[in-house]
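Engineer: I am attaching a structure below and will ask some questions about it afterwards.
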Amino acid sequence: MQSEVKLLLLKLVRYNGNLSPLIKLGYEYSQIIHFINLLIKDNLLLKTGNKIIVTGLGISEIEILNKKLERTESAIWIEPDIGSKVSQIDVNDVFLPDQDELSF
Amino acid sequence: MSISVENLTALEELFVKKEWEILRDESLFSSTFNRFCSRMDLYNSTEQQLMIELGYNFLDLGINDFQPYFIEAIKKIDDINSYTSIIVAPLKKPSLRITKSSDSIWYHIKNYSDFSYETFGSKLYFTSDWDIISKGIDRPKVILILIDDFIGTGETVNDTLAELYEMNFLHNTHKIRVLTFLAQEEGVAAIEKNYGSIVIYGLGLKKGLSDNYTGDILSEKIKMMQEMEGKLKVDSEFSFGYGKSESLVALSKRATNNTFPIFWLEKGKKKLAPFKR
């Protein structure tokens with residue numbers, strides 16, 4: 001599992017977010033449940049009854065990954081929306097957005 | 001909508017309990033788990049939980065699961081040992097030219113010669129030719145077993161028998177039984193009203209909502225299901241399953257049309273349902 005995905009998943013669980021950012025990144029739910037199980041196995045997440053919580057170890061892992069991936073300011077607790085990030089274009093390039101791809 | 005971590009793990013628990021495989025890297029289209037999630041995505045959290053809850057009563061049988069049901073069902077015929085011949089035919093109107101699931105089940109059972117001989121010796125005679133059947137059944141100590149996989153409303157059995165009697169392939173004096181693996185109890189009652197106790201089934205099924213909940217909880221869940229169907233624009237003919245059967249059944253990954261349509265009705269490429277039709 002990539003560090004970015006691990007950090008995003010830990011934060012999603014910690015701040016009670018839904019899983020759509022991971023879907024947007026192109027993962028299938030069958031892969032996400034596999035990631036969740038890996039994090040449970042590594043004691044970063046814990047299943048108690050119907051709830052899934054981030055363990056103390058998980059919180060330290062978030063801190064470690066925040067530093068490693070240089071997440072500062074708001075990015076400490078909100079993950080950048082990597083799925084929506086586009087590559088930078090040259091200053092003279094003309095940008096015509098595809099009408100079908102607009103999400104707003 | 002989207003799926004929370006809690007609902008996703010609750011769905012995984014369902015799959016583990018039902019022994020439905022979750023393959024990590026399978027594509028959306030071929031993975032039942034991902035298809036289930038795709039449908040859950042349309043609904044809010046409580047609605048998603050209702051889908052999971054109903055999932056626990058869902059039966060998804062493959063063709064190889066039918067064999068024990070067949071033996072169980074056939075043993076339920078009290079006087080089965082008193083017959084010298086047991087004719088087994090698919091339950092289908094003779095006028096129908098297309099292949100039905102009853103043909104497929106019949107053919108499969110027919111080729112399991114191992115277990116048929118073990119239990120019934122050479123008494124079993126498989127044929128789908130009505131000229132042969134109608135001659136054979138006129139002899140004494142012969143019983144005809146019409147075989148199918150599932151009884152929903154009982155309409156198919158009633159219509160088929162009506163045609164068989166009308167076309168003189170069957171007479172009132174003939175000993176017949178309808179054998180099916182799974183049957184909605186309501187459908188069995190509808191057949192027995194016309195033909196008496198002729199249905200033998202492996203497993204009787206209750207209605208998914210009406211027979212499992214009562215009072216306020218039932219009304220609440222019915223309302224929720226109506227809203228969930230509304231989001232899919234379900235045709236009134238199939239609302240709560242054909243004939244309002246409220247079934248929770250798939251045979252070889254294909255849901256019966258008696259099953260709640262939220263489990264099989266697909267609208268557009270991206271809105272996949274857990275089971276196909």
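Chains: A, B, ... in order of the structure tokens. Residues: from 1 per chain. Ligands: from 1, in order shown.
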Set the cut-off to 9 Å and count only C-alpha atoms: what are the residues of chain B that reach chain A? Output as a PDB file with C-alpha atoms, in the first residue's frame.
Structural biologist:
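Result file follows (selection27.pdb):
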ATOM      1  CA  MET B   1     -23.884   8.979  -1.567  1.00  0.00           C
ATOM      2  CA  SER B   2     -20.874   7.097  -0.364  1.00  0.00           C
ATOM      3  CA  ILE B   3     -19.960   4.211   1.862  1.00  0.00           C
ATOM      4  CA  SER B   4     -18.526   4.643   5.353  1.00  0.00           C
ATOM      5  CA  VAL B   5     -15.726   2.499   6.723  1.00  0.00           C
ATOM      6  CA  GLU B   6     -18.230   0.912   9.137  1.00  0.00           C
ATOM      7  CA  ASN B   7     -20.702  -0.076   6.421  1.00  0.00           C
ATOM      8  CA  LEU B   8     -17.921  -1.418   4.225  1.00  0.00           C
ATOM      9  CA  THR B   9     -16.617  -3.654   7.008  1.00  0.00           C
ATOM     10  CA  ALA B  10     -20.207  -4.700   7.850  1.00  0.00           C
ATOM     11  CA  GLU B  12     -17.356  -7.697   4.401  1.00  0.00           C
ATOM     12  CA  ILE B  22     -14.059 -11.230  -2.246  1.00  0.00           C
ATOM     13  CA  LEU B  23     -11.279 -11.114  -4.801  1.00  0.00           C
ATOM     14  CA  ARG B  24      -9.196  -8.018  -4.149  1.00  0.00           C
ATOM     15  CA  ASP B  25      -8.334  -7.043  -7.690  1.00  0.00           C
ATOM     16  CA  GLU B  26     -11.406  -8.241  -9.543  1.00  0.00           C
ATOM     17  CA  SER B  27     -13.050  -5.715 -11.844  1.00  0.00           C
ATOM     18  CA  LEU B  28     -16.216  -3.906 -10.860  1.00  0.00           C
ATOM     19  CA  SER B  31     -17.030  -8.902  -8.537  1.00  0.00           C
ATOM     20  CA  PHE B  33     -18.655  -7.418  -3.673  1.00  0.00           C
ATOM     21  CA  ASN B  34     -17.940  -4.410  -5.866  1.00  0.00           C
ATOM     22  CA  CYS B  37     -20.968  -1.585  -3.159  1.00  0.00           C
ATOM     23  CA  SER B  38     -21.957   0.054  -6.427  1.00  0.00           C
TER      24      SER B  38
END
Engineer: With DSSP run on the backbone, what are the strand (DSSP E) residues within range 8-203 of chain B? I'd like them as a ChimeraX atom specification.
Structural biologist: /B:59-61,85-90,124-126,142-151,175-184,199-203
Engineer: Could you write those residues out with C-alpha atoms, as a PDB file, in the first residue's frame?
Structural biologist:
ATOM      1  CA  LEU B  59     -29.590 -17.436  -0.915  1.00  0.00           C
ATOM      2  CA  ASP B  60     -27.197 -17.654  -3.820  1.00  0.00           C
ATOM      3  CA  LEU B  61     -27.063 -21.235  -5.017  1.00  0.00           C
ATOM      4  CA  SER B  85     -40.870 -46.307 -12.042  1.00  0.00           C
ATOM      5  CA  ILE B  86     -40.157 -42.673 -11.298  1.00  0.00           C
ATOM      6  CA  ILE B  87     -40.325 -40.500 -14.408  1.00  0.00           C
ATOM      7  CA  VAL B  88     -38.438 -37.226 -14.023  1.00  0.00           C
ATOM      8  CA  ALA B  89     -39.201 -34.411 -16.471  1.00  0.00           C
ATOM      9  CA  PRO B  90     -38.510 -30.663 -16.544  1.00  0.00           C
ATOM     10  CA  LEU B 124     -35.423 -43.224 -12.218  1.00  0.00           C
ATOM     11  CA  TYR B 125     -36.267 -42.529 -15.831  1.00  0.00           C
ATOM     12  CA  PHE B 126     -35.349 -39.129 -17.228  1.00  0.00           C
ATOM     13  CA  VAL B 142     -45.605 -44.994 -11.965  1.00  0.00           C
ATOM     14  CA  ILE B 143     -45.102 -41.506 -10.583  1.00  0.00           C
ATOM     15  CA  LEU B 144     -44.149 -38.407 -12.562  1.00  0.00           C
ATOM     16  CA  ILE B 145     -41.876 -35.829 -11.000  1.00  0.00           C
ATOM     17  CA  LEU B 146     -41.778 -32.426 -12.657  1.00  0.00           C
ATOM     18  CA  ILE B 147     -38.606 -30.657 -11.709  1.00  0.00           C
ATOM     19  CA  ASP B 148     -37.767 -26.953 -11.384  1.00  0.00           C
ATOM     20  CA  ASP B 149     -35.324 -24.841  -9.414  1.00  0.00           C
ATOM     21  CA  PHE B 150     -37.560 -22.260  -7.781  1.00  0.00           C
ATOM     22  CA  ILE B 151     -41.209 -21.490  -7.055  1.00  0.00           C
ATOM     23  CA  LYS B 175     -49.661 -39.588  -9.704  1.00  0.00           C
ATOM     24  CA  ILE B 176     -47.620 -36.455 -10.067  1.00  0.00           C
ATOM     25  CA  ARG B 177     -45.393 -34.310  -7.916  1.00  0.00           C
ATOM     26  CA  VAL B 178     -43.706 -30.971  -8.573  1.00  0.00           C
ATOM     27  CA  LEU B 179     -40.222 -30.989  -7.150  1.00  0.00           C
ATOM     28  CA  THR B 180     -38.309 -27.789  -6.606  1.00  0.00           C
ATOM     29  CA  PHE B 181     -35.233 -26.852  -4.624  1.00  0.00           C
ATOM     30  CA  LEU B 182     -36.398 -23.541  -3.272  1.00  0.00           C
ATOM     31  CA  ALA B 183     -39.981 -22.354  -2.881  1.00  0.00           C
ATOM     32  CA  GLN B 184     -41.637 -19.255  -1.530  1.00  0.00           C
ATOM     33  CA  VAL B 199     -45.332 -29.732  -4.225  1.00  0.00           C
ATOM     34  CA  ILE B 200     -42.162 -31.159  -2.739  1.00  0.00           C
ATOM     35  CA  TYR B 201     -39.421 -28.676  -1.974  1.00  0.00           C
ATOM     36  CA  GLY B 202     -35.978 -28.692  -0.440  1.00  0.00           C
ATOM     37  CA  LEU B 203     -36.212 -25.387   1.339  1.00  0.00           C
TER      38      LEU B 203
END
Engineer: Record the distance separating CA of Leu8 in chain A and CA of Ser45 in chain B, expressed in Å with one decimal.
Structural biologist: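 Computing the Euclidean distance for CA of Leu8 in chain A and CA of Ser45 in chain B yields 21.2 Å.
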Engineer: Figure out the distance between CA of Met1 in chain A and CA of Ala75 in chain A, please, to one decimal in Å.
Structural biologist: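 For CA of Ala75 in chain A relative to CA of Met1 in chain A, the distance reads 20.2 Å.
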Engineer: What's the 12 Å shell around Ser239 in chain B, counting only C-alpha atoms, without same-chain residues fewer than 3 positions away, as a VMD selection string?
Structural biologist: chain B and resid 222 225 to 230 232 to 236 242 to 247 257 to 265
Engineer: Which value, in Å to one decimal, gives the distance between CA of Lys193 in chain B and CA of Ile74 in chain B?
Structural biologist: 21.5 Å
Engineer: With only C-alpha atoms as the basis for distance, which of B:Asn158, B:Ser128, B:Ser101, B:Ser95 is at the shortest distance from Ile198 in chain B?
Structural biologist: B:Asn158
Engineer: Please provide the set of residues having any atom within 12 Å of range 67-71 of chain A, restricted to only C-alpha atoms, with same-chain residues fewer than 2 positions apart removed, written as a list in words.
Structural biologist: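 My reading of the contact set: Gln2, Ser3, Glu4, Val5, Lys6, Leu7, Leu8, Ser60, Glu61, Ile62, Glu63, Ile64, Leu65, Glu73, Ser74, Ala75, Ile76, Trp77, Ile78, Glu79 and Pro80 of chain A.
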